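Enquirer: The structure is given below, and queries will be raised subsequently.
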Amino acid sequence: MSIFGSILEKVFHPAAAAQAADGTVAAPGAAAATGSPTAPPAGSVDVEQVLTQLASQKGGGGNWTTSIVDLLKLLDLDSSLAARKELANELNIHVGADGTAEENIALHAGVMQKLAENGGKVPDSLKRHA
């Protein structure tokens with residue numbers, strides 16, 4: 001699964017992602033992650049609420065609202081430079097040099113924009129470049 005596909009799965013289907021991660025059923029009727037992310041009906045998933053709740057469960061979540069590294073860590077995904085380069089290529093985001101603050105800011109905004117395009121409810125404040 002692509003990195004963005006993993007992000008979609010963890011944000012749009014958190015119960016299934018949790019089940020797949022630890023092998024337990026996180027919620028009654030939760031479907032297992034299948035490897036191919038499926039988007040919910042438009043506006044049906046409040047991305048900010050899901051991520052805020054996840055951050056609360058994990059003791060804060062760093063600065064996931066602006067940091068792509070903290071967002072990936074919050075979702076238990078690889079936040080290395082190599083992973084961010086791969087994600088930038090997936091989303092066709094090529095701003096600044098690899099790993100620079102400029103690229104990381106654009107990448108965070110791009111992920112939020114793509115979540116919105118795939119049916120998530122994302123406030124404008126999370127889709128902006130700083």
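Ordered as shown in the structure tokens, chains take letters A, B, and onward, while each chain numbers its residues from 1 and ligands are numbered from 1 in the order shown.
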Set the distance at 7 Å and use only C-alpha atoms: which residues neighbour segment 53-69 of chain A once local chain neighbours fewer than 5 positions away are removed? I'd like the list as a list in words.
Expert: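 Final neighbour list, sorted by chain and number: Leu74, Ser79, Asn104, Ile105, Leu107, His108 and Leu126 of chain A.
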Enquirer: Hey, what's within 8 Å of Asp98 of chain A if we count only C-alpha atoms and toss same-chain stuff fewer than 3 positions away? As a ChimeraX atom specification, please?
Expert: /A:81,85,103
Enquirer: Write out as a list in words which residues come within 9 Å of Glu90 of chain A when counting only C-alpha atoms, dropping same-chain ones fewer than 2 positions away.
Expert: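 Counting only the stated atoms, we get Ser2, Ile3, Phe4, Lys85, Glu86, Leu87, Ala88, Asn92 and Ile93 of chain A.
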Enquirer: Find the residues around Asp124 of chain A up to 9 Å (only C-alpha atoms counted), leave out those fewer than 3 positions away in its own chain, and share them as a PyMOL selection string.
Expert: chain A and resi 113+127-128
Enquirer: Provide the atom CA of Pro14 of chain A to atom CA of Val50 of chain A distance in Å, to one decimal place.
Expert: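 Separation of atom CA of Pro14 of chain A and atom CA of Val50 of chain A: 8.1 Å.
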Enquirer: I need the residue nearest Val11 of chain A from this list: A:Val111, A:Pro123, A:Ala82, A:Ala101. Use only C-alpha atoms for the distance.
Expert: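 Result for the nearest residue to Val11 of chain A: A:Val111.
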Enquirer: What parts of segment 50-93 of chain A does DSSP call alpha helix (DSSP H)? I'd like the answer as a list of chain:residue names.
Expert: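 After running DSSP on the backbone, segment 50-93 of chain A has alpha helix (DSSP H) at A:Val50, A:Leu51, A:Thr52, A:Gln53, A:Leu54, A:Ala55, A:Ser56, A:Gln57, A:Ile68, A:Val69, A:Asp70, A:Leu71, A:Leu72, A:Lys73, A:Leu74, A:Leu81, A:Ala82, A:Ala83, A:Arg84, A:Lys85, A:Glu86, A:Leu87, A:Ala88, A:Asn89, A:Glu90, A:Leu91.
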Enquirer: Between atom CA of Asp70 of chain A and atom CA of Thr100 of chain A, what is the distance in Å, rounded to a tenth?
Expert: 14.8 Å
Enquirer: Atom CA of Ser6 of chain A to atom CA of Gly99 of chain A: how many Å, to one decimal?
Expert: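 Taking atom CA of Ser6 of chain A and atom CA of Gly99 of chain A, their separation equals 20.5 Å.
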